[in-house]
Every structure is written in C-alpha cells, then in structure tokens.
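The block underneath contains the structure these notes are about, expressed in structure tokens.
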Amino acid sequence: MSLFSSLDTGYTGLNVSQLQLGETSHNIANANTEGYTRQRVVSRAQTPLHSVPGDMGRGVKFVSVTRIHNEYVFGRLRDSSGKLEYNQTSKQTLEEVARYFPDTDGVGLQNDMKNYFDSWNSFASNPTSSSEKTALAQSTITFTENLKDTRKRVRDTQDSLNDQLKLNIDEINNIGKKIADLNAQIGNVESVKNNNANDLRDERDKLELSLSKLVDISVFKGDMHTDMSIDRNLTDGGKEYYLNISGESFVDGASFHPLVIDNHGNQSAYYSIYHESQDGSRVDVTGRLSGGKVGALLDLRGREIDAKTSYPKDGTLQGYIDSLDALSKGLIERTNSVYAASAVDSMNSPQLDILKDTSLLNSGRNFKKGSFDVVMYDGDGNEIGRKSINIDENTTMDDGSNNSIISQLNAPSDDNGDNNSVNDFDDYFSAYYSTNGNILSIQPKPGNPGYKIAIEDNGTNFAGVTGINGFLTGDNAKNISLKSDFVNDPVKINAYKAPIDGDNEMANDMLQIQYQNIDFTYGDGTVVSDTPDGFYRNLTAKIAVNAENSSRDTDASEAVFNAVNQEQQSISGVNIDEELANLLKYQTAYSANAKIISTIDQMLQTLLTIKQ
C-alpha cells in the first residue's frame, strides 16, 4: 500500500468526520424545533484491497444521513394526539354549556320554575287580588324568558360549532394539499439512491400530527424498513404513501382528494361533509368522520340533519335543546289544558299548523284519543249544560263530516238534559275554524244571555295542543310566552273554573301541576313521564355528568399522550448532552485524520529530499 493510498485513507476519514460534525451541528441547532427528528451520518468501511497475506483497508465511506424515527411509536402519538384534542374540545364546550344551567340558590331555571308555581299558590290564596295577578304575570314572564334565553345560548353555541366545522374542514384540506406537495418533493429527492429527504419527512410527519388533531386518519407508507446496525429504534416508512379519512382516499402519493363542506338548501346553514372523487362524485361522510376536533364538533353539534327542521336529529347539544323544548311543550300543554277550564265569554286559539281536513291523531301534534267537555255556565256560575266532544282516528277540525270538531260543537243536542231544544250550547254559541289563519274560535250568538263556556279535558289534550282559552302560547322553548292578553293586562287572569268571584278551583289545579307526572314529548315521538322539576333535574344532572366525564376523559387522554410523547422524544428528540459528546468525538476523529494527512505529507517531503 503506497503513501498516496494512505493519504487517501486519511482524507476519507477527514471527510466523514466533517460530515458528522456538520450533522451534529444541525441536530443541536434544531434541538427546540417542533417535529424535528435527530439525524445520524451512516458510514461504512471502504471496500478493501484484496491481497496476500490479507485485505488492506482503504478508509471509510459516507453512506447516507438517516433520521432516527420509529413509525409505530409515531403512529401511537398520532392516535393519542387525536383523542386528546377530541376530549379537550368536548370538555371546553360542555363545561361552557353547563354554566348556562347554574341552579344555585336563587339563580337558574329551577328557581324560576319554583317562583312560577309559588306565584300560583299566592294567587290561589288571594284570587281577586290585582297585585297577585301582576306578580303571577311577572314570574311567568321571567320563567318563560329565561327558558328562551337558555335555549338560545345553547343554540348559539351549537351555531358556533357549525362555524368552527367549516374552518376546520378548510384546514384539513389545506394540510392535505401540503402533504401531497411534500410527497412530490420527497419522491424527487429520494429518486437518487441512498438520498433521504429527512427534513421533508419531518415536515410531513408534523402535518400528519396536525391532521390527526382534527380528524382520525389512517396512513400507509409502503414497506417499512429497519436497521439495527444504525439504531435499535429505527423503523421508517417506504416511498409509497396513502392517507385515508373515514375509509376514503384523501392523499394518494402526490394526488389530493379534498373534503367538500356544503349547506346548500339547508335553512339552518348547518353543514354536511362530503368526500369528492376525481370524477366529481360525492359521498356523504358526515356520519363517519370521527376523532380529533372535527369528530368532537360533530358529536356535539349533531351529524344527521333533519330535512323538516334543518337542524340535527342527534348530537349532545341538540339533545339539550330537544329536552328544553320537550319541557316547555309539556308545561304549555298541561297549563293550557288546566286553564281552559276557566269560564270565559268566548274562545280563540292562536294560529295553528293543522289543516282543516287533517286527522288530529295523524297531525304530528300531541292529540290523544278520547273526549273533552265544553261546559256552559250562567251569570251566577251555575253549570247549565255540558257537551261532550269525541276524538278518534277520523276526527278533523272541519272536513264537513259529522265527526269533525266543528260539526260536533255546532250539532244540536240536549246538553242539559231538559228535553228543551232551544237552550243548549248550539243555541248560544257557534264554533268556526278559519281557513285563512287556521284559528279555532267559539263565539256567543246574538241573544246570548251572558253565558260563559269552559273546556274540561278527559285525556285528549285538545285545549293543551290548540291553546284555545290558554294561559301560555308557543310549542317549544324558543317561543314559549305568556299570552299577550295577560301581558298587557294581568287583571284578566282568572283563578276560577265557574265564574264566581273568590273561587280558586282552577288556580289550585294549576298549582298541582308541579307535583303531577306530565308526558314530555320529544320531536321524534319519545315520551318521558315525570314531574316538571324531576324532568328538569334529570336534564341538569345529565349536563353535569357529561361535563364531568369529558373532564375525566381529558385527564386520562392527556396522561396517555404525555407518556407516548415522552417515548417519541426519547427516540427521535435531540439530546444536547449526547450531541455535545458526539461533537467532541467527531472533533477528535477529525484532528486524528488531519494528523495522519500531515504525517504522510512529512513522509513524502522526506522522500523528495532523499531523491534530491
């Protein structure tokens, strides 16, 4: 082996040591760079000269720069990151909503409900007091307005989640496009043998981690490879790349297939999400997206949009709204059924959404099979007649048949049992169902001697649903209100059934509602039977439990994430002490190789001197 060969051997060592020093410097410089994976220069002994009596070494050669990355650990980091983001989003939202239902002493809907029934109790004790009527009207307004406000705040939060959903889908698409672009760059760099696009792969992993915080993803990176001779933790992906969301291809190498978010034709402007193929066809994935922030937003907001209401059929917040609506609807119907028993000169319902020829039992409203009585009183409060109205499968408001409400009300009958055909209900009152406004009206006929009428229900819920001669208006927590007549003039509120001053029978019946089981009906037809206070307590308990569970889940997922992240950092993170030790090692190697070169140079100079 010649001196020139030895000089080349020293040069190879000098060159590799220089590369190792440079890569160590690169690691130290990026010690605090998020997503950076430490890198290592891989070197091998040069192919020796085969001779007798043995091989003669020719130094060292540079093979590649490899990042120390474990794809399996990184995959667990992706998953735990998505779960943590899901639980943090749920916790933040549910704890915010829980604050809308304080229910501490003197504050909250439960206290408003108590004050409302307490006002009925005071009114029942003083049925002719104008001040008690005014106090009742005010407590009713406070209760109903706070119900509406609470529902609105939950709806506003739900609307906010819908807006966030749009922003996050846009971010998902932006990340997907960047990953596809990076795949193209990585392919170009790694098309040269032994070239590793380490920093580009780090950037892609960082984007994957960001994407996993938004939605669950599955990633396939071709055949995995490992090399124990470099590092026991080294497990990295190949050159292929496939990223799927909800089983649909999102990134395929350098190709990108975006998610499309659309609320066209939805009156609530609530979005649905679609996967769009290259041919433009769309697949609805709203119900399939899971995990991450988007999964949490959908589970909270709701996924399946009701074509009738334009709002979700499901979702945690929609469930709260549905419960508030069911509470309000149940109270409205029971209150109006009780108040309709208070005798008045005439009756009018609010505008109804019931066509005159639609079967009441098939109208989608809470009518029930059975009967109700229209009771007639004279000026002294004596009952002078009672007409029974039946409701069955064929009963309508006014289809012209004998079975309709209007026909039954107006039909001649002996309502007082005196065999006199000119002193019954149909002789003193007429019933109408306006085709213009769908308003049910019972009015006195000319010559009526001051008779009054009331409705006593036997289980049909007719007065409760129609609101005729009612105390409250509306059919959910969005529109529940005290009847405008009583808002404008609380003195018109009655406590009696029979029109007798000082009678409090109806007010006492109203007071008993708080202790009675009521059928609280949800939009999907589900019926929950409970007292008003019991129903509301179950709702607030559910809200509190959901918030508590989300907090506990967040703590658990945070612990898992921290453990996996620590493992990831122990494998791929930069250890400054280790890098400084390597720096000294490579510096010493560089100096030793430089010494070899200077020594051989001196030997060559000696040879040249001898030749002279």
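Ordered as shown in the structure tokens, chains take letters A, B, and onward, while each chain numbers its residues from 1 and ligands are numbered from 1 in the order shown.
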
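Residues in contact with range 86-90 of chain A at 6 Å, where only C-alpha atoms are counted and same-chain residues fewer than 2 positions away are skipped, are listed as Lys83, Leu84, Gln92, Thr93, Leu94, Gly291, Gly292, Lys293, Ala296 and Thr554 of chain A.
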
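DSSP secondary structure from the backbone places Gly187, Asn188, Val189, Asn198, Asp199, Leu200, Arg201, Asp202, Glu203, Arg204, Asp205, Lys206, Leu207, Glu208, Leu209, Ser210, Leu211 and Ser212 of chain A of range 187-243 of chain A in helix (DSSP H, G or I).
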
Task: Distance of CA of Ser413 in chain A from CA of Thr358 in chain A, expressed in Å to one decimal place - done: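 Computing it gives 25.3 Å between the two atoms.
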
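Within the 10 Å cut-off around Ser255 in chain A, using only C-alpha atoms and omitting residues fewer than 2 positions from it on the same chain, the listed residues are A:Gly176, A:Lys177, A:Ile179, A:Ala180, A:Asp181, A:Asn183, A:Ala184, A:Tyr242, A:Ser249, A:Phe250, A:Val251, A:Asp252, A:Gly253, A:His257, A:Pro258, A:Gln278.
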
Keeping N, CA and C atoms, export the residues of the selection given above as a short mmCIF file (atom, residue, chain, number, x, y, z; two decimals), in the first residue's frame.
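Result file part29.cif:
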data_model
loop_
_atom_site.label_atom_id
_atom_site.label_comp_id
_atom_site.auth_asym_id
_atom_site.auth_seq_id
_atom_site.Cartn_x
_atom_site.Cartn_y
_atom_site.Cartn_z
N GLY A 176 -53.90 18.58 3.71
CA GLY A 176 -53.84 17.52 2.71
C GLY A 176 -53.09 17.95 1.46
N LYS A 177 -53.33 19.18 1.01
CA LYS A 177 -52.64 19.69 -0.17
C LYS A 177 -51.14 19.81 0.09
N ILE A 179 -49.37 18.03 2.22
CA ILE A 179 -48.79 16.68 2.28
C ILE A 179 -48.56 16.13 0.88
N ALA A 180 -49.54 16.33 0.00
CA ALA A 180 -49.38 15.86 -1.37
C ALA A 180 -48.19 16.53 -2.05
N ASP A 181 -48.02 17.84 -1.83
CA ASP A 181 -46.88 18.56 -2.40
C ASP A 181 -45.57 18.04 -1.82
N ASN A 183 -45.04 15.04 -0.71
CA ASN A 183 -44.80 13.71 -1.28
C ASN A 183 -44.10 13.82 -2.63
N ALA A 184 -44.50 14.82 -3.42
CA ALA A 184 -43.85 15.02 -4.72
C ALA A 184 -42.37 15.40 -4.52
N TYR A 242 -50.17 6.57 1.35
CA TYR A 242 -51.63 6.61 1.23
C TYR A 242 -52.20 7.09 2.56
N SER A 249 -60.03 7.74 0.27
CA SER A 249 -58.69 8.23 -0.05
C SER A 249 -58.64 9.74 0.00
N PHE A 250 -57.74 10.25 0.81
CA PHE A 250 -57.58 11.70 0.97
C PHE A 250 -56.31 12.18 0.27
N VAL A 251 -55.19 11.49 0.52
CA VAL A 251 -53.93 11.77 -0.17
C VAL A 251 -53.40 10.45 -0.70
N ASP A 252 -53.11 10.42 -1.98
CA ASP A 252 -52.57 9.24 -2.63
C ASP A 252 -51.30 9.67 -3.34
N GLY A 253 -50.17 9.50 -2.64
CA GLY A 253 -48.91 9.99 -3.21
C GLY A 253 -48.97 11.50 -3.36
N HIS A 257 -57.39 14.47 -2.71
CA HIS A 257 -58.83 14.40 -2.93
C HIS A 257 -59.52 15.13 -1.77
N PRO A 258 -59.99 16.34 -1.96
CA PRO A 258 -60.45 17.18 -0.84
C PRO A 258 -61.78 16.72 -0.27
N GLN A 278 -62.28 12.11 -8.02
CA GLN A 278 -61.75 12.84 -9.16
C GLN A 278 -62.80 13.06 -10.23
#

Task: Atomic distance CA of His69 in chain A - CA of Gly247 in chain A, expressed in Å with one decimal - done: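 Separation of CA of His69 in chain A and CA of Gly247 in chain A: 26.3 Å.
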
Open item on the list: Excluding Glu171 in chain A and its own-chain neighbours fewer than 5 positions away, which residues fall within 12 Å of it when counting only C-alpha atoms? Please give them as a ChimeraX atom specification.
Closed with: /A:164-166,176-178,207,210-215,258-261,293-294

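Ranking A:Arg78, A:Lys193, A:Asp284, A:Ser290 by their shortest atom-to-atom distance to Val219 in chain A, with only C-alpha atoms included, puts A:Arg78 first.
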
Open item on the list: If I take CA of Leu289 in chain A and CA of Val154 in chain A, how far is one from the other in Å, to one decimal?
Closed with: 23.1 Å
